[in-house]
$ cat final_24.cif   # mmCIF, C-alpha atoms and all ligand atoms
data_input
loop_
_atom_site.label_atom_id
_atom_site.label_comp_id
_atom_site.auth_asym_id
_atom_site.auth_seq_id
_atom_site.Cartn_x
_atom_site.Cartn_y
_atom_site.Cartn_z
CA MET A 500 5.06 -24.41 0.76
CA LYS A 501 2.86 -21.38 0.23
CA THR A 502 0.66 -21.29 -2.82
CA LEU A 503 -1.09 -18.46 -4.58
CA GLU A 504 -4.87 -18.35 -4.23
CA PRO A 505 -6.59 -19.18 -7.51
CA LEU A 506 -8.53 -16.51 -9.33
CA PRO A 507 -11.85 -16.25 -7.43
CA TYR A 508 -13.88 -16.84 -10.62
CA ALA A 509 -13.52 -18.31 -14.11
CA TYR A 510 -10.95 -16.79 -16.46
CA THR A 511 -13.85 -16.03 -18.80
CA ALA A 512 -15.97 -14.30 -16.14
CA LEU A 513 -15.16 -10.77 -17.28
CA GLU A 514 -15.57 -11.40 -21.01
CA PRO A 515 -15.86 -9.52 -23.27
CA TYR A 516 -14.37 -6.59 -21.33
CA ILE A 517 -11.34 -8.50 -20.12
CA ASP A 518 -10.60 -11.56 -22.19
CA GLU A 519 -9.77 -15.05 -20.98
CA GLN A 520 -6.19 -15.05 -22.21
CA THR A 521 -5.40 -11.76 -20.48
CA MET A 522 -6.84 -13.09 -17.20
CA LYS A 523 -4.85 -16.32 -17.50
CA ILE A 524 -1.56 -14.59 -18.13
CA HIS A 525 -2.30 -11.83 -15.63
CA HIS A 526 -3.10 -14.18 -12.77
CA ASP A 527 -1.07 -17.30 -13.57
CA LYS A 528 2.09 -15.57 -14.80
CA HIS A 529 2.27 -11.98 -13.55
CA HIS A 530 0.53 -12.35 -10.19
CA GLN A 531 2.24 -15.71 -9.65
CA ALA A 532 5.66 -14.13 -10.25
CA TYR A 533 4.98 -11.31 -7.75
CA PHE A 534 3.82 -13.89 -5.23
CA ASP A 535 6.81 -16.21 -5.71
CA LYS A 536 9.36 -13.41 -5.46
CA PHE A 537 7.70 -11.97 -2.37
CA VAL A 538 7.51 -15.35 -0.63
CA LYS A 539 11.16 -15.99 -1.40
CA ALA A 540 12.22 -12.56 -0.16
CA VAL A 541 10.59 -12.94 3.27
CA GLU A 542 11.38 -16.63 3.76
CA GLY A 543 13.14 -17.17 7.07
CA SER A 544 12.66 -13.54 8.12
CA PRO A 545 10.34 -12.26 10.88
CA LEU A 546 8.00 -11.11 8.10
CA GLU A 547 7.42 -14.64 6.86
CA ASN A 548 4.12 -15.20 8.65
CA LYS A 549 2.94 -11.62 8.88
CA ASP A 550 -0.13 -10.39 7.06
CA ILE A 551 0.88 -8.69 3.82
CA LYS A 552 -1.39 -5.72 4.57
CA ASP A 553 0.36 -5.11 7.89
CA ILE A 554 3.73 -5.33 6.17
CA LEU A 555 2.75 -2.75 3.55
CA LYS A 556 1.30 -0.48 6.23
CA ASN A 557 4.60 -0.50 8.10
CA MET A 558 7.28 -0.40 5.44
CA SER A 559 9.74 1.26 7.81
CA SER A 560 9.77 -1.93 9.90
CA VAL A 561 10.86 -4.00 6.89
CA PRO A 562 14.63 -4.64 6.95
CA GLU A 563 16.27 -2.25 4.52
CA VAL A 564 17.98 -5.01 2.59
CA ILE A 565 14.64 -6.44 1.42
CA ARG A 566 12.51 -3.27 1.51
CA THR A 567 12.54 -2.62 -2.25
CA ILE A 568 11.73 -6.24 -3.03
CA VAL A 569 8.87 -6.21 -0.54
CA ARG A 570 7.55 -2.92 -1.92
CA ASN A 571 7.61 -4.20 -5.50
CA PHE A 572 6.65 -7.85 -5.13
CA GLY A 573 4.69 -7.76 -1.87
CA GLY A 574 2.83 -4.75 -3.24
CA GLY A 575 2.32 -6.52 -6.56
CA HIS A 576 0.96 -9.59 -4.81
CA TYR A 577 -1.42 -7.70 -2.54
CA HIS A 578 -2.67 -5.31 -5.21
CA HIS A 579 -3.52 -8.10 -7.64
CA SER A 580 -5.31 -10.13 -4.94
CA PHE A 581 -7.33 -7.01 -4.14
CA PHE A 582 -7.98 -6.15 -7.79
CA TRP A 583 -9.51 -9.57 -8.55
CA THR A 584 -12.04 -9.09 -5.80
CA VAL A 585 -13.39 -5.76 -7.05
CA LEU A 586 -14.21 -7.09 -10.52
CA LYS A 587 -17.57 -8.60 -11.42
CA LYS A 588 -20.03 -8.00 -14.21
CA ASP A 589 -23.49 -6.52 -13.76
CA VAL A 590 -23.33 -5.29 -10.19
CA PRO A 591 -25.30 -2.06 -9.73
CA PHE A 592 -23.69 1.06 -8.27
CA SER A 593 -25.25 1.08 -4.81
CA GLY A 594 -24.76 1.00 -1.06
CA GLU A 595 -23.15 3.42 1.37
CA VAL A 596 -20.17 3.87 -0.91
CA ALA A 597 -22.46 5.09 -3.70
CA LYS A 598 -24.00 7.63 -1.32
CA ALA A 599 -20.56 8.76 -0.19
CA ILE A 600 -19.33 9.11 -3.80
CA GLU A 601 -22.38 11.13 -4.79
CA GLY A 602 -21.99 13.24 -1.66
CA LYS A 603 -18.35 14.00 -2.36
CA TRP A 604 -18.33 14.36 -6.16
CA GLY A 605 -21.90 15.55 -6.71
CA SER A 606 -22.72 12.71 -9.09
CA PHE A 607 -21.48 9.35 -10.27
CA GLU A 608 -20.60 10.92 -13.64
CA LYS A 609 -18.36 13.55 -12.05
CA PHE A 610 -16.62 10.87 -9.97
CA LYS A 611 -16.10 8.72 -13.05
CA GLU A 612 -14.70 11.69 -14.94
CA GLU A 613 -12.07 12.34 -12.28
CA PHE A 614 -11.18 8.68 -11.93
CA ASN A 615 -10.80 8.31 -15.72
CA ALA A 616 -8.65 11.43 -15.96
CA LYS A 617 -6.39 10.07 -13.22
CA ALA A 618 -6.21 6.64 -14.90
CA LEU A 619 -5.31 8.12 -18.26
CA GLY A 620 -2.70 10.26 -16.54
CA VAL A 621 -0.70 7.32 -15.18
CA PHE A 622 2.64 7.56 -16.93
CA GLY A 623 4.37 4.23 -17.35
CA SER A 624 3.13 1.50 -15.00
CA GLY A 625 0.91 2.05 -12.01
CA TRP A 626 -2.53 1.99 -10.48
CA THR A 627 -5.49 4.28 -9.95
CA TRP A 628 -7.25 3.91 -6.61
CA LEU A 629 -10.32 4.95 -4.74
CA VAL A 630 -9.19 5.06 -1.13
CA VAL A 631 -10.32 6.15 2.28
CA ASN A 632 -7.84 8.70 3.54
CA HIS A 633 -7.64 8.42 7.32
CA HIS A 634 -5.46 11.47 7.63
CA GLY A 635 -6.09 13.18 10.94
CA THR A 636 -8.46 10.48 12.11
CA GLY A 637 -6.02 7.68 12.98
CA GLN A 638 -5.76 4.68 10.67
CA GLY A 639 -8.93 2.66 10.52
CA HIS A 640 -11.16 5.32 12.05
CA GLY A 641 -13.28 7.20 9.57
CA GLY A 642 -11.83 9.41 6.90
CA SER A 643 -12.98 10.48 3.47
CA LEU A 644 -12.84 9.15 -0.05
CA GLU A 645 -10.24 10.27 -2.54
CA ILE A 646 -8.88 9.19 -5.91
CA MET A 647 -5.14 8.72 -6.21
CA ASN A 648 -2.47 7.14 -8.39
CA THR A 649 0.53 5.12 -7.31
CA PRO A 650 3.49 4.31 -9.56
CA ASN A 651 4.72 0.75 -10.09
CA GLN A 652 3.55 -1.38 -7.13
CA ASP A 653 3.72 1.33 -4.48
CA SER A 654 0.81 0.85 -2.11
CA PRO A 655 -1.72 3.35 -0.75
CA LEU A 656 -1.46 1.30 2.46
CA SER A 657 2.08 2.61 2.91
CA GLU A 658 0.64 6.14 2.92
CA GLY A 659 -1.94 5.35 5.59
CA LYS A 660 -4.79 5.04 3.09
CA THR A 661 -7.20 2.13 2.71
CA PRO A 662 -8.07 0.97 -0.82
CA VAL A 663 -11.72 0.36 -1.68
CA LEU A 664 -11.39 0.12 -5.49
CA CYS A 665 -8.50 -0.01 -7.94
CA LEU A 666 -7.61 -0.29 -11.58
CA ASP A 667 -4.44 -1.93 -12.85
CA LEU A 668 -2.83 0.31 -15.47
CA TRP A 669 0.19 -1.79 -16.24
CA GLU A 670 0.16 -2.67 -19.94
CA HIS A 671 0.05 -6.37 -19.04
CA ALA A 672 -3.49 -5.75 -17.73
CA TYR A 673 -4.91 -4.79 -21.11
CA TYR A 674 -2.37 -4.91 -23.93
CA LEU A 675 -3.40 -8.25 -25.50
CA LYS A 676 -6.92 -7.03 -26.15
CA TYR A 677 -6.62 -3.25 -26.25
CA GLN A 678 -3.00 -2.64 -27.31
CA ASN A 679 -2.48 1.13 -27.03
CA ARG A 680 -6.19 1.85 -26.51
CA ARG A 681 -6.03 2.50 -22.78
CA PRO A 682 -9.12 4.79 -22.85
CA GLU A 683 -11.25 1.89 -24.10
CA TYR A 684 -9.94 -0.40 -21.34
CA VAL A 685 -10.64 2.29 -18.75
CA GLU A 686 -14.16 2.87 -20.11
CA ASN A 687 -14.96 -0.84 -20.00
CA PHE A 688 -13.72 -1.07 -16.42
CA TRP A 689 -16.99 0.64 -15.35
CA LYS A 690 -18.95 -2.37 -16.62
CA ILE A 691 -17.13 -4.82 -14.36
CA ILE A 692 -16.94 -3.16 -10.96
CA ASN A 693 -18.16 -5.29 -8.08
CA TRP A 694 -19.86 -2.47 -6.17
CA LYS A 695 -21.09 -4.87 -3.53
CA GLN A 696 -17.50 -5.76 -2.65
CA VAL A 697 -16.37 -2.14 -2.94
CA ASN A 698 -19.12 -1.22 -0.50
CA SER A 699 -17.89 -3.83 1.99
CA TYR A 700 -14.35 -2.48 1.75
CA TYR A 701 -15.69 1.03 2.26
CA LEU A 702 -17.70 0.08 5.35
CA GLU A 703 -14.71 -1.78 6.76
CA ALA A 704 -12.39 1.19 6.12
CA LYS A 705 -14.80 3.62 7.80
CA LYS A 706 -15.15 1.58 11.02
FE FE B 1 -1.23 -6.41 -13.12
#
$ encode --input "final_24.cif" --output "structure tokens" --more "lines below"
Ligand SMILES: [Fe+2]
Amino acid sequence: MKTLEPLPYAYTALEPYIDEQTMKIHHDKHHQAYFDKFVKAVEGSPLENKDIKDILKNMSSVPEVIRTIVRNFGGGHYHHSFFWTVLKKDVPFSGEVAKAIEGKWGSFEKFKEEFNAKALGVFGSGWTWLVVNHHGTGQGHGGSLEIMNTPNQDSPLSEGKTPVLCLDLWEHAYYLKYQNRRPEYVENFWKIINWKQVNSYYLEAKK
């Protein structure tokens, strides 16, 4: 029986920016439901023991009859697992990824401005991402940073892009504490980014 990984830190770890109750419901109910439905969908199929990242990278190889379920619930599972790892309080903006961001956007502030505008522009449910776009370089070989949105649980991986940072913009991610105040949630996100982890993802993506 497969089980969902626990949250990699305490439910209170991101207080006061993301509250304990939101983290509990987000991980133990929402993420758990994505995980359970994904596991059930691939049970007994050739995908059962495949890495979720590889599945999302090759959606055309997923049998059509379960493709939508895999996109929604496999995507939901992977994106939440990834999201938990990029959150941590009090980590300074630093490393190669910081240099690359400043190189591309001119300054951290300009980068933040574009990311926020994208996040506030998500209509309905979706995610905002910082990704490495490998276009023209072959997946996993170099590429440059870009900010993008995906609707629902659609994955940047399915577009040949590697996530290095993301923000969950489904209402379940912030509604208990922020209700309709998405801008406040987005602003507080900048206080809980684990830049050390983001830097590792960036270095890995650029290899
Ligand atoms: Fe979520």
$ atom_distance --input "final_24.cif" --atom1 "atom CA of Lys552 of chain A" --atom2 "atom CA of His579 of chain A"
12.6 Å
$ residues_around --input "final_24.cif" --residues "His578 of chain A" --least-positions-apart "6" --cutoff "12 Å" --atoms "all atoms listed in the file" --output "PDB file with C-alpha atoms, in the coordinates of the input"
ATOM      1  CA  HIS A 526      -3.100 -14.180 -12.770  1.00  0.00           C
ATOM      2  CA  HIS A 529       2.270 -11.980 -13.550  1.00  0.00           C
ATOM      3  CA  HIS A 530       0.530 -12.350 -10.190  1.00  0.00           C
ATOM      4  CA  TYR A 533       4.980 -11.310  -7.750  1.00  0.00           C
ATOM      5  CA  PHE A 534       3.820 -13.890  -5.230  1.00  0.00           C
ATOM      6  CA  ILE A 551       0.880  -8.690   3.820  1.00  0.00           C
ATOM      7  CA  LYS A 552      -1.390  -5.720   4.570  1.00  0.00           C
ATOM      8  CA  LEU A 555       2.750  -2.750   3.550  1.00  0.00           C
ATOM      9  CA  ARG A 570       7.550  -2.920  -1.920  1.00  0.00           C
ATOM     10  CA  ASN A 571       7.610  -4.200  -5.500  1.00  0.00           C
ATOM     11  CA  PHE A 572       6.650  -7.850  -5.130  1.00  0.00           C
ATOM     12  CA  THR A 584     -12.040  -9.090  -5.800  1.00  0.00           C
ATOM     13  CA  VAL A 585     -13.390  -5.760  -7.050  1.00  0.00           C
ATOM     14  CA  GLY A 625       0.910   2.050 -12.010  1.00  0.00           C
ATOM     15  CA  TRP A 626      -2.530   1.990 -10.480  1.00  0.00           C
ATOM     16  CA  THR A 627      -5.490   4.280  -9.950  1.00  0.00           C
ATOM     17  CA  TRP A 628      -7.250   3.910  -6.610  1.00  0.00           C
ATOM     18  CA  THR A 649       0.530   5.120  -7.310  1.00  0.00           C
ATOM     19  CA  ASN A 651       4.720   0.750 -10.090  1.00  0.00           C
ATOM     20  CA  GLN A 652       3.550  -1.380  -7.130  1.00  0.00           C
ATOM     21  CA  ASP A 653       3.720   1.330  -4.480  1.00  0.00           C
ATOM     22  CA  SER A 654       0.810   0.850  -2.110  1.00  0.00           C
ATOM     23  CA  PRO A 655      -1.720   3.350  -0.750  1.00  0.00           C
ATOM     24  CA  LEU A 656      -1.460   1.300   2.460  1.00  0.00           C
ATOM     25  CA  THR A 661      -7.200   2.130   2.710  1.00  0.00           C
ATOM     26  CA  PRO A 662      -8.070   0.970  -0.820  1.00  0.00           C
ATOM     27  CA  VAL A 663     -11.720   0.360  -1.680  1.00  0.00           C
ATOM     28  CA  LEU A 664     -11.390   0.120  -5.490  1.00  0.00           C
ATOM     29  CA  CYS A 665      -8.500  -0.010  -7.940  1.00  0.00           C
ATOM     30  CA  LEU A 666      -7.610  -0.290 -11.580  1.00  0.00           C
ATOM     31  CA  ASP A 667      -4.440  -1.930 -12.850  1.00  0.00           C
ATOM     32  CA  LEU A 668      -2.830   0.310 -15.470  1.00  0.00           C
ATOM     33  CA  TRP A 669       0.190  -1.790 -16.240  1.00  0.00           C
TER      34      TRP A 669
END
$ residues_near_point --input "final_24.cif" --point "(-14.1, 8.3, -0.9)" --cutoff "12 Å" --atoms "only C-alpha atoms" --output "VMD selection string"
chain A and resid 595 to 604 607 610 614 628 to 633 641 to 647 660 to 664 697 to 698 700 to 702 704 to 705
$ residues_around --input "final_24.cif" --residues "Tyr510 of chain A" --least-positions-apart "5" --cutoff "12 Å" --atoms "all atoms listed in the file" --output "number ranges by chain"
A: 505, 515-527, 583, 586-587
$ atom_distance --input "final_24.cif" --atom1 "atom CA of Trp689 of chain A" --atom2 "atom CA of Ser624 of chain A"
20.1 Å
$ atom_distance --input "final_24.cif" --atom1 "atom CA of Val538 of chain A" --atom2 "atom CA of Gly573 of chain A"
8.2 Å
$ closest_residue --input "final_24.cif" --among "A:Lys536, A:Glu670, A:Phe622, A:Thr567" --to "Lys501 of chain A" --atoms "only C-alpha atoms"
A:Lys536
$ closest_residue --input "final_24.cif" --among "A:Ala532, A:Ile554, A:Ala672, A:Ala512" --to "ligand FE 1 (chain B)" --atoms "all atoms listed in the file"
A:Ala672
$ residues_around --input "final_24.cif" --residues "Ser657 of chain A" --least-positions-apart "6" --cutoff "7 Å" --atoms "all atoms listed in the file" --output "MDAnalysis selection string"
chainID A and resid 555:558
$ closest_residue --input "final_24.cif" --among "A:Asn679, A:Ser580, A:Ser593, A:Asn615" --to "ligand FE 1 (chain B)" --atoms "all atoms listed in the file"
A:Ser580
$ axis_aligned_box --input "final_24.cif" --around "segment 556-562 of chain A" --padding-each-side "4 Å" --output "JSON"
{"center_x": 8.0, "center_y": -1.7, "center_z": 7.7, "size_x": 21.3, "size_y": 13.9, "size_z": 12.5}
$ build_atoms --input "final_24.cif" --residues "segment 674-704 of chain A" --atoms "N, CA and C atoms" --output "PDB file, in the frame of the given file"
ATOM      1  N   TYR A 674      -3.003  -5.058 -22.619  1.00  0.00           N
ATOM      2  CA  TYR A 674      -2.370  -4.910 -23.930  1.00  0.00           C
ATOM      3  C   TYR A 674      -2.811  -5.948 -24.973  1.00  0.00           C
ATOM      4  N   LEU A 675      -3.022  -7.192 -24.546  1.00  0.00           N
ATOM      5  CA  LEU A 675      -3.400  -8.250 -25.500  1.00  0.00           C
ATOM      6  C   LEU A 675      -4.675  -7.900 -26.257  1.00  0.00           C
ATOM      7  N   LYS A 676      -5.629  -7.351 -25.528  1.00  0.00           N
ATOM      8  CA  LYS A 676      -6.920  -7.030 -26.150  1.00  0.00           C
ATOM      9  C   LYS A 676      -6.991  -5.600 -26.676  1.00  0.00           C
ATOM     10  N   TYR A 677      -6.414  -4.671 -25.923  1.00  0.00           N
ATOM     11  CA  TYR A 677      -6.620  -3.250 -26.250  1.00  0.00           C
ATOM     12  C   TYR A 677      -5.389  -2.577 -26.870  1.00  0.00           C
ATOM     13  N   GLN A 678      -4.256  -3.244 -26.856  1.00  0.00           N
ATOM     14  CA  GLN A 678      -3.000  -2.640 -27.310  1.00  0.00           C
ATOM     15  C   GLN A 678      -2.828  -1.242 -26.703  1.00  0.00           C
ATOM     16  N   ASN A 679      -2.724  -0.220 -27.556  1.00  0.00           N
ATOM     17  CA  ASN A 679      -2.480   1.130 -27.030  1.00  0.00           C
ATOM     18  C   ASN A 679      -3.774   1.857 -26.639  1.00  0.00           C
ATOM     19  N   ARG A 680      -4.912   1.172 -26.732  1.00  0.00           N
ATOM     20  CA  ARG A 680      -6.190   1.850 -26.510  1.00  0.00           C
ATOM     21  C   ARG A 680      -6.587   1.851 -25.016  1.00  0.00           C
ATOM     22  N   ARG A 681      -5.756   2.470 -24.213  1.00  0.00           N
ATOM     23  CA  ARG A 681      -6.030   2.500 -22.780  1.00  0.00           C
ATOM     24  C   ARG A 681      -7.396   3.124 -22.456  1.00  0.00           C
ATOM     25  N   PRO A 682      -7.805   4.195 -23.175  1.00  0.00           N
ATOM     26  CA  PRO A 682      -9.120   4.790 -22.850  1.00  0.00           C
ATOM     27  C   PRO A 682     -10.277   3.793 -22.965  1.00  0.00           C
ATOM     28  N   GLU A 683     -10.186   2.887 -23.921  1.00  0.00           N
ATOM     29  CA  GLU A 683     -11.250   1.890 -24.100  1.00  0.00           C
ATOM     30  C   GLU A 683     -11.261   0.896 -22.927  1.00  0.00           C
ATOM     31  N   TYR A 684     -10.069   0.493 -22.508  1.00  0.00           N
ATOM     32  CA  TYR A 684      -9.940  -0.400 -21.340  1.00  0.00           C
ATOM     33  C   TYR A 684     -10.522   0.286 -20.106  1.00  0.00           C
ATOM     34  N   VAL A 685     -10.173   1.547 -19.926  1.00  0.00           N
ATOM     35  CA  VAL A 685     -10.640   2.290 -18.750  1.00  0.00           C
ATOM     36  C   VAL A 685     -12.167   2.439 -18.805  1.00  0.00           C
ATOM     37  N   GLU A 686     -12.705   2.715 -19.971  1.00  0.00           N
ATOM     38  CA  GLU A 686     -14.160   2.870 -20.110  1.00  0.00           C
ATOM     39  C   GLU A 686     -14.875   1.556 -19.781  1.00  0.00           C
ATOM     40  N   ASN A 687     -14.316   0.461 -20.244  1.00  0.00           N
ATOM     41  CA  ASN A 687     -14.960  -0.840 -20.000  1.00  0.00           C
ATOM     42  C   ASN A 687     -14.862  -1.299 -18.544  1.00  0.00           C
ATOM     43  N   PHE A 688     -13.884  -0.766 -17.843  1.00  0.00           N
ATOM     44  CA  PHE A 688     -13.720  -1.070 -16.420  1.00  0.00           C
ATOM     45  C   PHE A 688     -15.026  -0.794 -15.647  1.00  0.00           C
ATOM     46  N   TRP A 689     -15.759   0.249 -16.065  1.00  0.00           N
ATOM     47  CA  TRP A 689     -16.990   0.640 -15.350  1.00  0.00           C
ATOM     48  C   TRP A 689     -18.096  -0.400 -15.491  1.00  0.00           C
ATOM     49  N   LYS A 690     -17.933  -1.322 -16.427  1.00  0.00           N
ATOM     50  CA  LYS A 690     -18.950  -2.370 -16.620  1.00  0.00           C
ATOM     51  C   LYS A 690     -18.646  -3.604 -15.778  1.00  0.00           C
ATOM     52  N   ILE A 691     -17.513  -3.616 -15.112  1.00  0.00           N
ATOM     53  CA  ILE A 691     -17.130  -4.820 -14.360  1.00  0.00           C
ATOM     54  C   ILE A 691     -16.679  -4.502 -12.936  1.00  0.00           C
ATOM     55  N   ILE A 692     -17.297  -3.484 -12.349  1.00  0.00           N
ATOM     56  CA  ILE A 692     -16.940  -3.160 -10.960  1.00  0.00           C
ATOM     57  C   ILE A 692     -17.915  -3.867 -10.015  1.00  0.00           C
ATOM     58  N   ASN A 693     -17.357  -4.580  -9.075  1.00  0.00           N
ATOM     59  CA  ASN A 693     -18.160  -5.290  -8.080  1.00  0.00           C
ATOM     60  C   ASN A 693     -18.485  -4.314  -6.930  1.00  0.00           C
ATOM     61  N   TRP A 694     -19.539  -3.518  -7.140  1.00  0.00           N
ATOM     62  CA  TRP A 694     -19.860  -2.470  -6.170  1.00  0.00           C
ATOM     63  C   TRP A 694     -20.240  -3.032  -4.812  1.00  0.00           C
ATOM     64  N   LYS A 695     -20.735  -4.253  -4.805  1.00  0.00           N
ATOM     65  CA  LYS A 695     -21.090  -4.870  -3.530  1.00  0.00           C
ATOM     66  C   LYS A 695     -19.819  -5.063  -2.682  1.00  0.00           C
ATOM     67  N   GLN A 696     -18.770  -5.560  -3.341  1.00  0.00           N
ATOM     68  CA  GLN A 696     -17.500  -5.760  -2.650  1.00  0.00           C
ATOM     69  C   GLN A 696     -16.854  -4.422  -2.282  1.00  0.00           C
ATOM     70  N   VAL A 697     -16.935  -3.472  -3.206  1.00  0.00           N
ATOM     71  CA  VAL A 697     -16.370  -2.140  -2.940  1.00  0.00           C
ATOM     72  C   VAL A 697     -17.065  -1.532  -1.724  1.00  0.00           C
ATOM     73  N   ASN A 698     -18.371  -1.726  -1.647  1.00  0.00           N
ATOM     74  CA  ASN A 698     -19.120  -1.220  -0.500  1.00  0.00           C
ATOM     75  C   ASN A 698     -18.643  -1.859   0.805  1.00  0.00           C
ATOM     76  N   SER A 699     -18.395  -3.156   0.766  1.00  0.00           N
ATOM     77  CA  SER A 699     -17.890  -3.830   1.990  1.00  0.00           C
ATOM     78  C   SER A 699     -16.532  -3.248   2.396  1.00  0.00           C
ATOM     79  N   TYR A 700     -15.663  -3.060   1.421  1.00  0.00           N
ATOM     80  CA  TYR A 700     -14.350  -2.480   1.750  1.00  0.00           C
ATOM     81  C   TYR A 700     -14.506  -1.078   2.335  1.00  0.00           C
ATOM     82  N   TYR A 701     -15.448  -0.336   1.771  1.00  0.00           N
ATOM     83  CA  TYR A 701     -15.690   1.030   2.260  1.00  0.00           C
ATOM     84  C   TYR A 701     -16.179   1.012   3.716  1.00  0.00           C
ATOM     85  N   LEU A 702     -17.158   0.155   3.986  1.00  0.00           N
ATOM     86  CA  LEU A 702     -17.700   0.080   5.350  1.00  0.00           C
ATOM     87  C   LEU A 702     -16.624  -0.355   6.342  1.00  0.00           C
ATOM     88  N   GLU A 703     -15.808  -1.295   5.928  1.00  0.00           N
ATOM     89  CA  GLU A 703     -14.710  -1.780   6.760  1.00  0.00           C
ATOM     90  C   GLU A 703     -13.703  -0.657   7.042  1.00  0.00           C
ATOM     91  N   ALA A 704     -13.386   0.096   5.995  1.00  0.00           N
ATOM     92  CA  ALA A 704     -12.390   1.190   6.120  1.00  0.00           C
ATOM     93  C   ALA A 704     -12.906   2.310   7.017  1.00  0.00           C
TER      94      ALA A 704
END
